[in-house]
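These notes concern the structure reproduced below.
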Protein chains: 2
Amino acid sequence: MQNNDLNLLKELRLKLTPQRLAIIEYLKGNKNHPSAEEIYNALKDRFPSMSFATVYNTLEVLVEKGLIKELSIDSSKKRFDPYTHPHHHFICKACGKIVDVEASFEIFIPESLRDFQVEDFQVVFTGVCPECKKE
Amino acid sequence: MQNNDLNLLKELRLKLTPQRLAIIEYLKGNKNHPSAEEIYNALKDRFPSMSFATVYNTLEVLVEKGLIKELSIDSSKKRFDPYTHPHHHFICKACGKIVDVEASFEIFIPESLRDFQVEDFQVVFTGVCPECKKE
DNA sequence: GTGCTGTATTGAAATAGTCCTAAAATAATA
DNA sequence: TATTATTTTAGGACTATTTCAATACAGCAC
């Protein structure tokens, strides 16, 4: 946890609670696209009294403030991604793993979206990851 | 419901139950990416005794047989798409509507996915649809 | 530091979506 | 028409998520 995180939270007028700081610290640099449960499990040793609601509340706030992104790649649960810069994903049909794809793609906005306010796009690759391919 | 649907189901060795036929008919040509609940609600007048499990069972079979696709665009529920040909989507942040994008994109497979077996990709645009833009 | 105030956390229960199971129903076949 | 294997049904189980009221506590003024 760096000082600039503390300052960032202050600027956002969020109270610096230990649970929040731990959740942010856990997410920071995390490339595993964790679910709420994974976050909860990772922190419950340090915060045995922490409630699931706190994890959800915090994640909601962080998404609102734009510090993390909520991924809609997995239809069974929400996943969260601290990397808010534009990037893409590969999802393995076998194990469900989600991998970052750092390439940038040149995509033209199709004519059919003329009247739409397109703000972002995401490329989701599907297939089989190297580990699952071996089996 | 056309005869070729009936033949298709026969070839797949699926029993032609009224519920199944109704679900297939409802999905056919449907561009709203309906959820299981929407399908259930749309048909419950005609099939008051129909169970939710039937909807899920049928959808599962249809996905297995490749007649429809399951979309993982909405993190709150599964959505189903009868259009199995390659196409993309726009999702409105305001109303959640999912719109088909028929364009085809030239995407290179990035070097970082060298060892991955990439089978498909999907472009998901996000932003605001014309209706929500007005508000 | 002490006290105040509004925000955050907690625990439990409510809700929503999906899936499971066993019994009853029924489509397909002979 | 009888048989059989598949499908539907009803209800409950299960998981993920949200809500709620009560309690705790971070930040601020003094």
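Labeling convention for the structure tokens: chains A, B, ... as they appear, residues from 1 per chain, ligands from 1 in order of appearance.
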
Each chain A residue no farther than 6 Å from chain B, nearest pair in Å, only C-alpha atoms, as a Markdown table:
| residue | atom | partner | partner_atom | distance |
| --- | --- | --- | --- | --- |
| A:Ser72 | CA | B:Ser75 | CA | 4.5 |
| A:Ile73 | CA | B:Ser72 | CA | 5.3 |
| A:Asp74 | CA | B:Ser72 | CA | 5.7 |
| A:Ser75 | CA | B:Ser72 | CA | 4.8 |
| A:Lys78 | CA | B:Ser75 | CA | 5.7 |
| A:Asp115 | CA | B:Pro130 | CA | 5.8 |
| A:Phe116 | CA | B:Cys129 | CA | 4.9 |
| A:Gln117 | CA | B:Val128 | CA | 5.0 |
| A:Val118 | CA | B:Gly127 | CA | 4.5 |
| A:Glu119 | CA | B:Gly127 | CA | 4.8 |
| A:Asp120 | CA | B:Thr126 | CA | 5.3 |
| A:Phe121 | CA | B:Phe125 | CA | 4.1 |
| A:Gln122 | CA | B:Val124 | CA | 5.2 |
| A:Val123 | CA | B:Val123 | CA | 4.5 |
| A:Val124 | CA | B:Gln122 | CA | 5.2 |
| A:Phe125 | CA | B:Phe121 | CA | 4.2 |
| A:Thr126 | CA | B:Asp120 | CA | 5.3 |
| A:Gly127 | CA | B:Val118 | CA | 4.5 |
| A:Val128 | CA | B:Gln117 | CA | 5.0 |
| A:Cys129 | CA | B:Phe116 | CA | 4.9 |
| A:Pro130 | CA | B:Phe116 | CA | 5.3 |

*asked:* What are the residues of chain B lining chain C at 8 Å or less? Count only C-alpha atoms (C1' of nucleotides), and put the answer as a ChimeraX atom specification.
replied: /B:15-17,53,77

Could you give me, as JSON lines, every chain D residue with an atom at most 10 Å from chain A, plus its closest atom pair and distance in Å to one decimal, counting only C-alpha atoms (C1' of nucleotides), rows ordered by chain then number?
{"residue": "D:DT15", "atom": "C1'", "partner": "A:Ser76", "partner_atom": "CA", "distance": 9.1}
{"residue": "D:DA16", "atom": "C1'", "partner": "A:Lys77", "partner_atom": "CA", "distance": 6.6}
{"residue": "D:DT17", "atom": "C1'", "partner": "A:Tyr56", "partner_atom": "CA", "distance": 8.2}
{"residue": "D:DT18", "atom": "C1'", "partner": "A:Ala53", "partner_atom": "CA", "distance": 8.2}
{"residue": "D:DT19", "atom": "C1'", "partner": "A:Ala53", "partner_atom": "CA", "distance": 9.6}
{"residue": "D:DC25", "atom": "C1'", "partner": "A:Thr17", "partner_atom": "CA", "distance": 8.7}
{"residue": "D:DA26", "atom": "C1'", "partner": "A:Lys15", "partner_atom": "CA", "distance": 6.2}
{"residue": "D:DG27", "atom": "C1'", "partner": "A:Lys15", "partner_atom": "CA", "distance": 7.8}

*as a ChimeraX atom specification, list the residues of region 5-128 of chain B assigned to strand (DSSP E or B) by DSSP on the backbone atoms of this structure.*
/B:35,69-71,79-81,88-92,98-101,117-128

Any chance you can output those residues with N, CA, C and O atoms as an mmCIF file, in the first residue's frame?
data_model
loop_
_atom_site.group_PDB
_atom_site.id
_atom_site.type_symbol
_atom_site.label_atom_id
_atom_site.label_comp_id
_atom_site.auth_asym_id
_atom_site.auth_seq_id
_atom_site.Cartn_x
_atom_site.Cartn_y
_atom_site.Cartn_z
ATOM 1 N N SER B 35 -33.039 -13.888 -21.476
ATOM 2 C CA SER B 35 -32.597 -14.731 -20.372
ATOM 3 C C SER B 35 -33.595 -15.864 -20.195
ATOM 4 O O SER B 35 -34.677 -15.851 -20.789
ATOM 5 N N LYS B 69 -26.352 -19.963 -28.791
ATOM 6 C CA LYS B 69 -25.136 -19.672 -28.038
ATOM 7 C C LYS B 69 -25.486 -19.049 -26.695
ATOM 8 O O LYS B 69 -26.466 -18.309 -26.586
ATOM 9 N N GLU B 70 -24.698 -19.382 -25.708
ATOM 10 C CA GLU B 70 -24.879 -18.758 -24.402
ATOM 11 C C GLU B 70 -23.947 -17.559 -24.323
ATOM 12 O O GLU B 70 -22.754 -17.688 -24.552
ATOM 13 N N LEU B 71 -24.482 -16.410 -23.999
ATOM 14 C CA LEU B 71 -23.670 -15.202 -23.919
ATOM 15 C C LEU B 71 -23.217 -14.944 -22.486
ATOM 16 O O LEU B 71 -23.998 -15.064 -21.551
ATOM 17 N N ARG B 79 -27.597 -15.121 -20.871
ATOM 18 C CA ARG B 79 -28.456 -14.725 -21.981
ATOM 19 C C ARG B 79 -28.186 -15.653 -23.147
ATOM 20 O O ARG B 79 -27.099 -16.189 -23.275
ATOM 21 N N PHE B 80 -29.191 -15.795 -23.996
ATOM 22 C CA PHE B 80 -29.084 -16.781 -25.066
ATOM 23 C C PHE B 80 -29.345 -16.127 -26.411
ATOM 24 O O PHE B 80 -30.163 -15.216 -26.533
ATOM 25 N N ASP B 81 -28.603 -16.613 -27.394
ATOM 26 C CA ASP B 81 -28.606 -15.981 -28.709
ATOM 27 C C ASP B 81 -28.761 -17.049 -29.792
ATOM 28 O O ASP B 81 -27.933 -17.941 -29.906
ATOM 29 N N HIS B 88 -20.945 -9.681 -33.324
ATOM 30 C CA HIS B 88 -20.456 -9.016 -32.130
ATOM 31 C C HIS B 88 -21.594 -8.273 -31.456
ATOM 32 O O HIS B 88 -22.726 -8.330 -31.912
ATOM 33 N N HIS B 89 -21.272 -7.589 -30.353
ATOM 34 C CA HIS B 89 -22.353 -6.974 -29.585
ATOM 35 C C HIS B 89 -22.003 -5.583 -29.074
ATOM 36 O O HIS B 89 -20.837 -5.266 -28.849
ATOM 37 N N PHE B 90 -23.059 -4.811 -28.891
ATOM 38 C CA PHE B 90 -22.949 -3.531 -28.193
ATOM 39 C C PHE B 90 -23.828 -3.643 -26.956
ATOM 40 O O PHE B 90 -24.963 -4.118 -27.045
ATOM 41 N N ILE B 91 -23.307 -3.228 -25.816
ATOM 42 C CA ILE B 91 -24.135 -3.260 -24.602
ATOM 43 C C ILE B 91 -24.239 -1.861 -24.023
ATOM 44 O O ILE B 91 -23.245 -1.143 -23.877
ATOM 45 N N CYS B 92 -25.479 -1.458 -23.758
ATOM 46 C CA CYS B 92 -25.744 -0.112 -23.242
ATOM 47 C C CYS B 92 -25.578 -0.104 -21.726
ATOM 48 O O CYS B 92 -26.231 -0.863 -21.026
ATOM 49 N N ILE B 98 -28.677 -5.283 -25.184
ATOM 50 C CA ILE B 98 -27.596 -5.844 -25.982
ATOM 51 C C ILE B 98 -28.016 -5.841 -27.445
ATOM 52 O O ILE B 98 -29.076 -6.352 -27.793
ATOM 53 N N VAL B 99 -27.203 -5.227 -28.275
ATOM 54 C CA VAL B 99 -27.542 -5.067 -29.690
ATOM 55 C C VAL B 99 -26.525 -5.826 -30.537
ATOM 56 O O VAL B 99 -25.321 -5.786 -30.254
ATOM 57 N N ASP B 100 -26.995 -6.504 -31.557
ATOM 58 C CA ASP B 100 -26.079 -7.205 -32.464
ATOM 59 C C ASP B 100 -25.261 -6.220 -33.299
ATOM 60 O O ASP B 100 -25.787 -5.208 -33.763
ATOM 61 N N VAL B 101 -24.008 -6.542 -33.492
ATOM 62 C CA VAL B 101 -23.150 -5.771 -34.386
ATOM 63 C C VAL B 101 -22.663 -6.737 -35.465
ATOM 64 O O VAL B 101 -21.936 -7.687 -35.172
ATOM 65 N N GLN B 117 -4.620 -22.072 -27.866
ATOM 66 C CA GLN B 117 -5.442 -22.501 -28.987
ATOM 67 C C GLN B 117 -6.642 -21.557 -29.063
ATOM 68 O O GLN B 117 -7.646 -21.751 -28.391
ATOM 69 N N VAL B 118 -6.499 -20.517 -29.882
ATOM 70 C CA VAL B 118 -7.557 -19.512 -29.982
ATOM 71 C C VAL B 118 -8.595 -19.992 -30.999
ATOM 72 O O VAL B 118 -8.267 -20.282 -32.142
ATOM 73 N N GLU B 119 -9.835 -20.102 -30.562
ATOM 74 C CA GLU B 119 -10.868 -20.654 -31.438
ATOM 75 C C GLU B 119 -11.833 -19.610 -31.949
ATOM 76 O O GLU B 119 -12.485 -19.783 -32.966
ATOM 77 N N ASP B 120 -11.960 -18.539 -31.189
ATOM 78 C CA ASP B 120 -12.977 -17.555 -31.546
ATOM 79 C C ASP B 120 -12.652 -16.252 -30.836
ATOM 80 O O ASP B 120 -11.867 -16.234 -29.893
ATOM 81 N N PHE B 121 -13.223 -15.177 -31.311
ATOM 82 C CA PHE B 121 -13.125 -13.935 -30.550
ATOM 83 C C PHE B 121 -14.406 -13.152 -30.741
ATOM 84 O O PHE B 121 -15.146 -13.372 -31.710
ATOM 85 N N GLN B 122 -14.660 -12.296 -29.788
ATOM 86 C CA GLN B 122 -15.875 -11.510 -29.788
ATOM 87 C C GLN B 122 -15.527 -10.096 -29.414
ATOM 88 O O GLN B 122 -14.775 -9.876 -28.460
ATOM 89 N N VAL B 123 -16.074 -9.134 -30.121
ATOM 90 C CA VAL B 123 -15.866 -7.745 -29.760
ATOM 91 C C VAL B 123 -17.132 -7.254 -29.059
ATOM 92 O O VAL B 123 -18.234 -7.434 -29.569
ATOM 93 N N VAL B 124 -16.943 -6.698 -27.879
ATOM 94 C CA VAL B 124 -18.071 -6.156 -27.125
ATOM 95 C C VAL B 124 -17.858 -4.648 -26.988
ATOM 96 O O VAL B 124 -16.922 -4.210 -26.329
ATOM 97 N N PHE B 125 -18.732 -3.888 -27.618
ATOM 98 C CA PHE B 125 -18.685 -2.437 -27.489
ATOM 99 C C PHE B 125 -19.535 -2.033 -26.293
ATOM 100 O O PHE B 125 -20.586 -2.619 -26.041
ATOM 101 N N THR B 126 -19.078 -1.021 -25.563
ATOM 102 C CA THR B 126 -19.916 -0.493 -24.492
ATOM 103 C C THR B 126 -20.106 1.003 -24.691
ATOM 104 O O THR B 126 -19.263 1.667 -25.298
ATOM 105 N N GLY B 127 -21.202 1.512 -24.178
ATOM 106 C CA GLY B 127 -21.507 2.925 -24.334
ATOM 107 C C GLY B 127 -22.979 3.162 -24.050
ATOM 108 O O GLY B 127 -23.563 2.478 -23.203
ATOM 109 N N VAL B 128 -23.549 4.115 -24.738
ATOM 110 C CA VAL B 128 -24.938 4.490 -24.493
ATOM 111 C C VAL B 128 -25.709 4.381 -25.811
ATOM 112 O O VAL B 128 -25.251 4.884 -26.844
#
